[in-house]
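For reference, run10.cif (mmCIF, N, CA and C atoms):
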```cif
data_input
loop_
_atom_site.label_atom_id
_atom_site.label_comp_id
_atom_site.auth_asym_id
_atom_site.auth_seq_id
_atom_site.Cartn_x
_atom_site.Cartn_y
_atom_site.Cartn_z
N MET A 429 0.80 -1.19 0.00
CA MET A 429 0.00 0.00 0.00
C MET A 429 0.85 1.26 0.00
N GLY A 430 2.07 1.15 0.38
CA GLY A 430 3.02 2.24 0.20
C GLY A 430 3.09 3.23 1.33
N PRO A 431 4.23 3.89 1.43
CA PRO A 431 4.46 4.83 2.53
C PRO A 431 3.70 6.15 2.40
N LEU A 432 3.14 6.43 1.23
CA LEU A 432 2.44 7.70 1.06
C LEU A 432 0.96 7.60 1.41
N VAL A 433 0.47 6.40 1.65
CA VAL A 433 -0.94 6.23 1.96
C VAL A 433 -1.21 6.59 3.42
N CYS A 434 -0.42 6.08 4.33
CA CYS A 434 -0.63 6.35 5.75
C CYS A 434 0.69 6.76 6.37
N THR A 435 0.80 8.01 6.73
CA THR A 435 2.05 8.50 7.29
C THR A 435 1.91 8.95 8.73
N ALA A 436 0.71 8.86 9.28
CA ALA A 436 0.50 9.30 10.66
C ALA A 436 -0.74 8.65 11.23
N ALA A 437 -0.81 8.65 12.55
CA ALA A 437 -1.99 8.17 13.25
C ALA A 437 -2.29 9.17 14.36
N THR A 438 -3.55 9.35 14.65
CA THR A 438 -3.96 10.28 15.71
C THR A 438 -4.72 9.49 16.77
N ILE A 439 -4.40 9.75 18.03
CA ILE A 439 -5.13 9.12 19.12
C ILE A 439 -5.50 10.19 20.13
N GLU A 440 -6.61 9.98 20.83
CA GLU A 440 -7.02 10.89 21.89
C GLU A 440 -6.51 10.33 23.22
N VAL A 441 -5.95 11.19 24.04
CA VAL A 441 -5.47 10.79 25.36
C VAL A 441 -5.98 11.80 26.39
N SER A 442 -6.10 11.35 27.63
CA SER A 442 -6.59 12.24 28.67
C SER A 442 -5.52 13.21 29.14
N SER A 443 -4.25 12.82 29.04
CA SER A 443 -3.14 13.72 29.37
C SER A 443 -1.98 13.42 28.44
N TYR A 444 -1.12 14.39 28.23
CA TYR A 444 -0.03 14.23 27.27
C TYR A 444 1.30 14.57 27.91
N ASP A 445 2.17 13.58 27.94
CA ASP A 445 3.55 13.75 28.38
C ASP A 445 4.39 13.27 27.21
N ALA A 446 5.00 14.18 26.48
CA ALA A 446 5.71 13.84 25.25
C ALA A 446 6.75 12.75 25.46
N LEU A 447 7.53 12.83 26.51
CA LEU A 447 8.57 11.82 26.76
C LEU A 447 7.96 10.45 27.03
N GLU A 448 6.87 10.41 27.80
CA GLU A 448 6.23 9.13 28.10
C GLU A 448 5.62 8.51 26.85
N TRP A 449 4.95 9.31 26.03
CA TRP A 449 4.35 8.76 24.81
C TRP A 449 5.42 8.35 23.80
N THR A 450 6.52 9.06 23.75
CA THR A 450 7.63 8.66 22.88
C THR A 450 8.19 7.32 23.34
N ARG A 451 8.34 7.15 24.64
CA ARG A 451 8.84 5.88 25.19
C ARG A 451 7.89 4.73 24.84
N ARG A 452 6.59 4.95 25.06
CA ARG A 452 5.60 3.92 24.74
C ARG A 452 5.61 3.57 23.25
N ALA A 453 5.70 4.58 22.42
CA ALA A 453 5.71 4.35 20.97
C ALA A 453 6.92 3.51 20.57
N LYS A 454 8.08 3.84 21.10
CA LYS A 454 9.29 3.09 20.76
C LYS A 454 9.18 1.63 21.19
N LEU A 455 8.54 1.37 22.33
CA LEU A 455 8.34 -0.01 22.77
C LEU A 455 7.50 -0.80 21.76
N LEU A 456 6.60 -0.11 21.09
CA LEU A 456 5.75 -0.74 20.07
C LEU A 456 6.37 -0.74 18.68
N GLY A 457 7.55 -0.13 18.55
CA GLY A 457 8.20 -0.06 17.25
C GLY A 457 7.76 1.11 16.40
N ILE A 458 7.11 2.09 17.03
CA ILE A 458 6.66 3.27 16.30
C ILE A 458 7.74 4.33 16.46
N GLU A 459 8.34 4.71 15.34
CA GLU A 459 9.43 5.69 15.38
C GLU A 459 9.30 6.63 14.19
N ASP A 460 10.33 7.39 13.96
CA ASP A 460 10.40 8.25 12.79
C ASP A 460 10.23 7.37 11.55
N SER A 461 9.26 7.68 10.73
CA SER A 461 8.96 6.83 9.57
C SER A 461 10.14 6.71 8.61
N LYS A 462 10.98 7.71 8.55
CA LYS A 462 12.14 7.63 7.66
C LYS A 462 13.13 6.56 8.15
N GLN A 463 13.10 6.26 9.44
CA GLN A 463 13.97 5.22 9.99
C GLN A 463 13.26 3.86 10.03
N SER A 464 12.04 3.84 10.56
CA SER A 464 11.35 2.57 10.74
C SER A 464 10.75 2.01 9.46
N SER A 465 10.53 2.85 8.46
CA SER A 465 9.90 2.39 7.22
C SER A 465 10.80 2.57 6.01
N ALA A 466 12.08 2.61 6.25
CA ALA A 466 13.02 2.78 5.14
C ALA A 466 12.99 1.56 4.23
N PHE A 467 13.70 1.64 3.13
CA PHE A 467 13.76 0.56 2.14
C PHE A 467 14.04 -0.76 2.84
N GLY A 468 13.25 -1.77 2.56
CA GLY A 468 13.42 -3.09 3.13
C GLY A 468 12.73 -3.29 4.47
N ARG A 469 12.11 -2.23 5.02
CA ARG A 469 11.44 -2.33 6.32
C ARG A 469 9.98 -1.89 6.23
N MET A 470 9.44 -1.85 5.06
CA MET A 470 8.08 -1.35 4.88
C MET A 470 7.03 -2.30 5.44
N ALA A 471 7.28 -3.60 5.46
CA ALA A 471 6.26 -4.56 5.90
C ALA A 471 5.81 -4.28 7.33
N ARG A 472 6.75 -3.95 8.21
CA ARG A 472 6.39 -3.68 9.60
C ARG A 472 5.50 -2.42 9.71
N ALA A 473 5.89 -1.36 9.03
CA ALA A 473 5.11 -0.13 9.07
C ALA A 473 3.74 -0.34 8.43
N GLU A 474 3.70 -1.08 7.34
CA GLU A 474 2.43 -1.35 6.67
C GLU A 474 1.53 -2.18 7.56
N GLY A 475 2.09 -3.17 8.24
CA GLY A 475 1.31 -4.00 9.16
C GLY A 475 0.74 -3.18 10.30
N LEU A 476 1.53 -2.27 10.84
CA LEU A 476 1.07 -1.41 11.92
C LEU A 476 -0.06 -0.50 11.44
N ALA A 477 0.12 0.09 10.28
CA ALA A 477 -0.92 0.98 9.73
C ALA A 477 -2.22 0.22 9.50
N LEU A 478 -2.13 -0.99 8.96
CA LEU A 478 -3.33 -1.79 8.73
C LEU A 478 -3.99 -2.22 10.04
N ALA A 479 -3.18 -2.54 11.05
CA ALA A 479 -3.74 -2.93 12.35
C ALA A 479 -4.50 -1.76 12.98
N LEU A 480 -3.93 -0.56 12.90
CA LEU A 480 -4.61 0.62 13.45
C LEU A 480 -5.89 0.92 12.68
N ALA A 481 -5.84 0.79 11.36
CA ALA A 481 -7.03 1.04 10.54
C ALA A 481 -8.10 -0.02 10.82
N GLU A 482 -7.69 -1.27 10.99
CA GLU A 482 -8.65 -2.34 11.31
C GLU A 482 -9.32 -2.09 12.65
N ARG A 483 -8.54 -1.64 13.61
CA ARG A 483 -9.12 -1.34 14.93
C ARG A 483 -10.14 -0.21 14.83
N GLU A 484 -9.82 0.81 14.06
CA GLU A 484 -10.73 1.94 13.88
C GLU A 484 -12.00 1.51 13.15
N ARG A 485 -11.84 0.70 12.10
CA ARG A 485 -12.97 0.29 11.26
C ARG A 485 -13.81 -0.80 11.93
N GLY A 486 -13.18 -1.64 12.75
CA GLY A 486 -13.90 -2.72 13.40
C GLY A 486 -13.96 -3.99 12.57
N GLU A 487 -13.23 -4.01 11.46
CA GLU A 487 -13.15 -5.20 10.61
C GLU A 487 -11.88 -5.12 9.78
N PRO A 488 -11.43 -6.26 9.25
CA PRO A 488 -10.19 -6.25 8.47
C PRO A 488 -10.26 -5.33 7.25
N ILE A 489 -9.15 -4.71 6.93
CA ILE A 489 -9.03 -3.88 5.74
C ILE A 489 -8.61 -4.79 4.60
N THR A 490 -9.48 -4.97 3.61
CA THR A 490 -9.19 -5.91 2.53
C THR A 490 -9.01 -5.25 1.17
N THR A 491 -9.34 -3.95 1.08
CA THR A 491 -9.20 -3.25 -0.19
C THR A 491 -8.63 -1.85 0.06
N MET A 492 -8.07 -1.28 -0.98
CA MET A 492 -7.58 0.10 -0.87
C MET A 492 -8.74 1.05 -0.60
N GLU A 493 -9.90 0.76 -1.17
CA GLU A 493 -11.09 1.60 -0.94
C GLU A 493 -11.44 1.61 0.54
N ALA A 494 -11.40 0.44 1.19
CA ALA A 494 -11.71 0.34 2.62
C ALA A 494 -10.68 1.11 3.44
N LEU A 495 -9.41 1.02 3.05
CA LEU A 495 -8.38 1.76 3.77
C LEU A 495 -8.62 3.26 3.63
N LEU A 496 -8.88 3.72 2.42
CA LEU A 496 -9.12 5.14 2.19
C LEU A 496 -10.34 5.63 2.96
N GLU A 497 -11.44 4.85 2.96
CA GLU A 497 -12.64 5.22 3.71
C GLU A 497 -12.33 5.36 5.21
N THR A 498 -11.41 4.54 5.70
CA THR A 498 -11.10 4.51 7.13
C THR A 498 -10.18 5.64 7.55
N ILE A 499 -9.19 5.98 6.73
CA ILE A 499 -8.17 6.95 7.17
C ILE A 499 -8.38 8.36 6.65
N ALA A 500 -9.16 8.51 5.59
CA ALA A 500 -9.33 9.84 5.00
C ALA A 500 -10.26 10.71 5.84
N LEU A 501 -9.98 11.99 5.86
CA LEU A 501 -10.84 12.93 6.58
C LEU A 501 -12.13 13.22 5.83
N GLU A 502 -12.10 13.00 4.51
CA GLU A 502 -13.29 13.21 3.69
C GLU A 502 -13.61 11.91 2.96
N PRO A 503 -14.86 11.71 2.54
CA PRO A 503 -15.22 10.49 1.82
C PRO A 503 -14.43 10.38 0.51
N PRO A 504 -14.10 9.15 0.07
CA PRO A 504 -13.36 8.98 -1.18
C PRO A 504 -13.98 9.71 -2.37
N ALA A 505 -15.30 9.76 -2.46
CA ALA A 505 -15.94 10.45 -3.58
C ALA A 505 -15.58 11.94 -3.59
N ALA A 506 -15.51 12.55 -2.42
CA ALA A 506 -15.13 13.96 -2.34
C ALA A 506 -13.68 14.16 -2.76
N LEU A 507 -12.83 13.22 -2.39
CA LEU A 507 -11.42 13.32 -2.79
C LEU A 507 -11.26 13.15 -4.30
N ARG A 508 -12.05 12.24 -4.88
CA ARG A 508 -11.96 12.00 -6.33
C ARG A 508 -12.58 13.13 -7.14
N SER A 509 -13.48 13.89 -6.56
CA SER A 509 -14.18 14.93 -7.31
C SER A 509 -13.23 15.99 -7.85
N ILE A 510 -12.07 16.14 -7.22
CA ILE A 510 -11.11 17.14 -7.69
C ILE A 510 -10.17 16.58 -8.77
N CYS A 511 -10.29 15.26 -9.05
CA CYS A 511 -9.46 14.65 -10.10
C CYS A 511 -10.12 14.85 -11.46
N PRO A 512 -9.33 14.97 -12.52
CA PRO A 512 -9.92 15.05 -13.85
C PRO A 512 -10.77 13.82 -14.11
N GLY A 513 -12.01 14.01 -14.41
CA GLY A 513 -12.92 12.89 -14.65
C GLY A 513 -13.54 12.33 -13.39
N GLY A 514 -12.97 12.62 -12.22
CA GLY A 514 -13.52 12.17 -10.95
C GLY A 514 -13.42 10.67 -10.68
N GLU A 515 -12.60 9.96 -11.44
CA GLU A 515 -12.51 8.52 -11.24
C GLU A 515 -11.23 8.15 -10.49
N ALA A 516 -11.24 6.95 -9.93
CA ALA A 516 -10.06 6.45 -9.23
C ALA A 516 -9.03 5.98 -10.26
N GLN A 517 -7.77 6.15 -9.92
CA GLN A 517 -6.71 5.63 -10.77
C GLN A 517 -6.70 4.12 -10.62
N THR A 518 -6.66 3.38 -11.74
CA THR A 518 -6.72 1.92 -11.67
C THR A 518 -5.38 1.28 -11.98
N ALA A 519 -4.45 2.02 -12.48
CA ALA A 519 -3.14 1.45 -12.81
C ALA A 519 -2.04 2.42 -12.42
N CYS A 520 -0.88 1.88 -12.15
CA CYS A 520 0.25 2.73 -11.78
C CYS A 520 0.99 3.19 -13.02
#
```
Using structure tokens, write down the structure that the file contains.
Amino acid sequence: MGPLVCTAATIEVSSYDALEWTRRAKLLGIEDSKQSSAFGRMARAEGLALALAERERGEPITTMEALLETIALEPPAALRSICPGGEAQTAC
């Protein structure tokens, strides 16, 4: 799915201590994406992104459309409306 699809995750917390959350993230393998998701290490970052999206959605992510619906701030149709023709790209 690639590193440009999901580059961040947002969570709500009752209190924020930057050092504590950094420590917790590192224990889970969440680090600077340029380090943790560099060439040859994308599978781990992709797995983490899919796990977070699955938790948010409440079911496995099986298509790119499902991933986009889960992580995008706007519905996929709204995102496509600004593309020429308004259709999804089907080939790379």
Point-to-point distance from atom CA of A:Met492 to atom CA of A:Leu456, Å rounded to tenths: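 Computing it gives 24.8 Å between the two atoms.
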Shortest interatomic distance to A:Ala481 - which of A:Ile510, A:Thr438, A:Thr450, A:Ala505, counting only C-alpha atoms: A:Thr438
Å distance separating atom CA of A:Glu474 from atom CA of A:Leu447, one decimal place: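 Straight-line distance from atom CA of A:Glu474 to atom CA of A:Leu447 works out to 24.8 Å.
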Distance of atom C of A:Ala477 from atom C of A:Lys462, expressed in Å to one decimal place: 16.7 Å
Residue set, stretch 444-516 of chain A restricted to alpha helix (DSSP H), as a PyMOL selection string: chain A and resi 446-455+461-464+470-485+492-499+504-508
